[in-house]
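Q: Data file start39.txt (compact mmCIF, C-alpha atoms) is appended below.
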# COMPACT_ATOMS: atom_id res chain seq x y z
CA THR J 3 110.59 108.06 107.80
CA VAL J 4 109.32 106.42 104.62
CA PHE J 5 110.61 103.02 103.53
CA GLN J 6 110.50 102.22 99.84
CA ASN J 7 111.65 98.87 98.50
CA ALA J 8 112.51 100.05 94.96
CA PRO J 9 112.58 103.27 92.94
CA ILE J 10 109.62 104.05 90.68
CA ASN J 11 111.99 103.86 87.70
CA ALA J 12 112.45 100.11 88.35
CA LEU J 13 108.68 99.60 88.21
CA MET J 14 108.45 101.77 85.08
CA ALA J 15 111.08 99.52 83.44
CA GLY J 16 109.05 96.36 84.14
CA CYS J 17 110.70 95.06 87.31
CA TYR J 18 107.57 93.39 88.70
CA GLU J 19 109.05 90.49 90.64
CA GLY J 20 108.27 90.75 94.33
CA THR J 21 111.46 91.54 96.22
CA THR J 22 110.12 92.35 99.68
CA SER J 23 107.59 90.34 101.70
CA ILE J 24 104.55 91.94 103.24
CA GLY J 25 105.88 90.64 106.57
CA SER J 26 109.02 92.72 106.06
CA LEU J 27 106.98 95.78 105.03
CA GLU J 28 104.85 95.43 108.18
CA LYS J 29 108.02 95.92 110.24
CA ARG J 30 108.67 99.20 108.41
CA GLY J 31 105.22 100.73 108.40
CA ASP J 32 101.49 100.46 109.06
CA PHE J 33 100.40 102.81 106.28
CA GLY J 34 101.27 102.89 102.59
CA ILE J 35 100.72 102.00 98.96
CA GLY J 36 102.35 99.85 96.31
CA THR J 37 101.76 96.86 94.09
CA LEU J 38 102.29 93.11 94.30
CA ASP J 39 104.34 90.45 92.57
CA ALA J 40 103.79 90.41 88.79
CA LEU J 41 101.95 93.76 89.10
CA ASP J 42 98.95 91.81 90.47
CA GLY J 43 96.72 94.63 91.66
CA GLU J 44 97.18 97.57 93.97
CA MET J 45 98.46 97.37 97.54
CA VAL J 46 97.04 99.45 100.40
CA ALA J 47 98.31 99.42 103.99
CA LEU J 48 95.99 101.02 106.52
CA ASP J 49 96.01 100.74 110.31
CA GLY J 50 98.62 97.96 110.14
CA ALA J 51 96.70 95.70 107.75
CA PHE J 52 97.85 95.16 104.16
CA TYR J 53 95.33 94.64 101.35
CA GLN J 54 95.49 93.63 97.70
CA ILE J 55 93.00 95.33 95.39
CA LYS J 56 92.36 92.98 92.48
CA PRO J 57 91.38 94.23 88.98
CA ASP J 58 87.69 93.72 89.86
CA GLY J 59 88.07 96.25 92.69
CA ARG J 60 87.72 93.68 95.47
CA ALA J 61 90.04 94.01 98.48
CA TYR J 62 91.74 90.97 100.02
CA LEU J 63 93.70 90.89 103.26
CA LEU J 64 97.31 89.92 102.54
CA GLY J 65 99.42 87.42 104.44
CA GLY J 66 103.02 88.09 105.35
CA HIS J 67 104.42 85.84 102.62
CA ALA J 68 103.02 87.83 99.68
CA THR J 69 105.69 89.94 97.98
CA SER J 70 105.92 93.43 96.51
CA PRO J 71 108.24 94.85 93.83
CA PHE J 72 107.34 98.44 94.80
CA ALA J 73 105.87 99.92 97.95
CA SER J 74 106.13 103.05 100.07
CA VAL J 75 105.30 102.56 103.75
CA THR J 76 105.61 104.50 106.99
CA PHE J 77 104.31 104.39 110.53
CA PHE J 78 101.57 106.97 110.21
CA ASP J 79 101.86 109.75 112.78
CA GLN J 80 99.61 112.70 112.12
CA ASP J 81 101.05 116.19 112.39
CA GLN J 82 97.93 118.02 111.24
CA VAL J 83 94.23 117.28 111.33
CA PHE J 84 91.69 119.40 109.49
CA SER J 85 88.26 119.14 107.94
CA ALA J 86 86.87 120.40 104.69
CA ALA J 87 83.18 121.08 104.22
CA GLY J 88 81.14 120.47 101.14
CA GLU J 89 81.85 118.59 97.97
CA ILE J 90 85.46 118.75 96.80
CA SER J 91 86.96 117.60 93.51
CA PHE J 92 90.36 115.92 93.36
CA GLU J 93 91.85 119.17 92.06
CA GLY J 94 90.21 121.00 94.96
CA LEU J 95 91.61 118.47 97.44
CA LYS J 96 95.11 118.96 96.05
CA LYS J 97 94.76 122.76 96.43
CA ILE J 98 93.62 122.38 100.04
CA LEU J 99 96.52 120.04 100.80
CA ASP J 100 99.01 122.33 99.03
CA GLY J 101 97.85 125.13 101.32
CA LYS J 102 98.67 123.04 104.40
CA LEU J 103 102.22 122.05 103.37
CA ARG J 104 105.08 123.46 105.42
CA SER J 105 107.29 123.17 102.34
CA PRO J 106 106.77 121.79 98.83
CA ASN J 107 110.22 120.19 99.16
CA LEU J 108 109.23 117.69 101.86
CA LEU J 109 107.66 114.26 101.59
CA TYR J 110 104.20 113.83 103.17
CA ALA J 111 102.11 110.79 104.13
CA ILE J 112 98.43 111.73 103.74
CA LYS J 113 95.27 110.03 104.97
CA VAL J 114 91.91 111.38 103.79
CA GLU J 115 88.83 109.89 105.43
CA GLY J 116 85.44 110.76 104.05
CA ASN J 117 82.28 110.12 102.16
CA PHE J 118 83.03 109.98 98.45
CA ARG J 119 80.15 110.56 96.04
CA SER J 120 82.23 109.32 93.11
CA LEU J 121 85.73 107.87 92.80
CA LYS J 122 87.48 106.90 89.60
CA VAL J 123 89.97 104.16 90.53
CA ARG J 124 92.05 101.55 88.80
CA SER J 125 93.83 98.30 89.47
CA ALA J 126 96.57 96.65 87.46
CA ALA J 127 96.11 93.24 85.89
CA PRO J 128 98.77 90.60 86.64
CA GLN J 129 101.54 90.42 84.04
CA GLU J 130 103.43 87.45 82.61
CA LYS J 131 107.13 87.20 81.80
CA PRO J 132 108.77 88.69 79.91
CA TYR J 133 107.27 91.68 81.68
CA PRO J 134 106.35 94.70 79.55
CA VAL J 135 107.29 98.20 80.66
CA LEU J 136 104.71 99.89 82.87
CA THR J 137 103.35 102.16 80.12
CA GLU J 138 102.40 99.02 78.17
CA ALA J 139 101.20 97.02 81.18
CA ILE J 140 98.72 99.69 82.26
CA ASN J 141 96.90 99.26 78.95
CA GLU J 142 95.40 96.16 80.64
CA GLN J 143 94.50 97.90 83.88
CA LYS J 144 90.88 98.01 84.91
CA ILE J 145 89.41 101.47 85.48
CA PHE J 146 86.10 101.70 87.27
CA GLU J 147 83.97 104.20 89.15
CA LEU J 148 82.87 103.71 92.73
CA LYS J 149 79.74 105.53 93.88
CA ASP J 150 78.72 106.69 97.35
CA GLN J 151 81.57 105.17 99.33
CA GLN J 152 82.79 105.78 102.84
CA GLY J 153 86.47 105.10 103.08
CA THR J 154 90.04 106.29 103.13
CA LEU J 155 92.50 107.66 100.62
CA VAL J 156 95.97 106.41 101.58
CA GLY J 157 98.86 108.15 99.92
CA PHE J 158 101.90 110.30 99.70
CA ARG J 159 103.05 113.55 98.20
CA PHE J 160 106.59 113.34 96.90
CA PRO J 161 108.37 116.54 95.85
CA ALA J 162 109.14 117.00 92.16
CA TYR J 163 112.87 116.50 92.66
CA MET J 164 112.21 112.92 93.84
CA GLY J 165 110.67 111.89 90.51
CA GLY J 166 113.17 109.08 89.94
CA VAL J 167 112.45 107.66 93.40
CA SER J 168 108.65 107.75 93.45
CA VAL J 169 105.66 109.26 91.71
CA PRO J 170 106.06 113.05 92.05
CA GLY J 171 103.06 114.91 93.43
CA TYR J 172 100.07 113.23 95.04
CA HIS J 173 99.53 109.47 94.68
CA PHE J 174 96.59 107.86 96.47
CA HIS J 175 95.00 104.43 96.73
CA PHE J 176 91.46 104.02 98.10
CA LEU J 177 90.07 101.48 100.56
CA SER J 178 86.40 101.38 101.58
CA LYS J 179 85.46 101.67 105.25
CA ASP J 180 84.37 98.02 105.33
CA ARG J 181 87.68 97.05 103.66
CA SER J 182 85.90 95.24 100.81
CA ILE J 183 86.70 97.37 97.75
CA GLY J 184 89.26 99.88 96.54
CA GLY J 185 91.65 100.87 93.80
Can you give me the file's structure in the form of structure tokens?

A:
Amino acid sequence: TVFQNAPINALMAGCYEGTTSIGSLEKRGDFGIGTLDALDGEMVALDGAFYQIKPDGRAYLLGGHATSPFASVTFFDQDQVFSAAGEISFEGLKKILDGKLRSPNLLYAIKVEGNFRSLKVRSAAPQEKPYPVLTEAINEQKIFELKDQQGTLVGFRFPAYMGGVSVPGYHFHFLSKDRSIGG
């Protein structure tokens, strides 16, 4: 079961006010992704801890009173475990994952642990009212490359028909093994 506190279309329209506390999200899942009030960075939930990734790429542990306008969380329960050898691009990872799906019409929570030679990540900058639509707000996002990182990709694969509910396809956030950086 995946809990989501708003449809992606609300976020796309500029609804950035936090509507659900991290404390409430913790009751609904220990694994997930989202954003924070005023679009202030990326949110990653891993192993029951919730983190905010600021635009400088630094990760900060969140308290239960912080709020989110958009998040997808679940209690992570692995159905499959597999390894992939060698260096794999993001496109290659998606092909491997596609080959493991029971059906392209189901929703999947996906955790990828590994050593990443290079990651291109981003984090949104906080917005001020009146909030712009997301396509305008992301013009201020910070995009940066992380090199030689151990860590975890936390994400979901939503089927195409759920495009108004969440981001269709694969959507991942990254958190380093030491929980200090991400995007």

Q: Nearest residue to J:Asp32 out of J:Ala15, J:Ile90, J:Ala73, J:Ile98, using all atoms listed in the file?

A: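 Under the stated criterion, the closest residue is J:Ala73.
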
Q: Just checking: using all atoms listed in the file, which residue out of J:Ser168, J:Thr69, J:Thr154, J:Thr37 ends up closest to J:Phe5?

A: J:Ser168

Q: List as an NGL selection string the protein and nucleic acid residues near J:Glu115, meaning an atom at most 9 Å away when only C-alpha atoms are counted, but skip any in the same chain fewer than 4 places from it.

A: :J and (152-156 or 179)

Q: Do a neighbour search on stretch 43-46 of chain J at 10 Å with all atoms listed in the file, toss out local chain neighbours closer than 6 positions, and write the hits as a PyMOL selection string.

A: chain J and resi 24+32-37+52-64+70+72-75+124-129+143-144+155-157+174-177+184-185

Q: From the set J:Leu41, J:Leu103, J:Val4, J:Ala139, which residue has the shortest atom-to-atom contact distance to J:Thr76, counting all atoms listed in the file?

A: J:Val4

Q: Let me make sure I understand: among J:Leu13, J:Gln82, J:Ser23, J:Gln6, which one has the smallest atom-to-atom distance to J:Arg104 if we use all atoms listed in the file?

A: J:Gln82

Q: Kindly indicate which residue among J:Tyr133, J:Phe77, J:Tyr110, J:Tyr18 lies nearest to J:Tyr172, using all atoms listed in the file for the distances.

A: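 Among the listed residues, J:Tyr110 lies closest to J:Tyr172.
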
Q: Measuring atom to atom with only C-alpha atoms, identify which of J:Leu48, J:Met14, J:Phe160, J:Gly66 is nearest to J:Ser105.

A: J:Phe160

Q: So what do you get for atom CA of J:Met164 versus atom CA of J:Phe92, distance-wise?

A: 22.1 Å

Q: Quick one: distance from atom CA of J:Glu89 to atom CA of J:Val123 in Å, one decimal?

A: 18.2 Å

Q: Calculate how many Å separate atom CA of J:Gly16 from atom CA of J:His173, rounding to one decimal.

A: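 Separation between atom CA of J:Gly16 and atom CA of J:His173: 19.3 Å.
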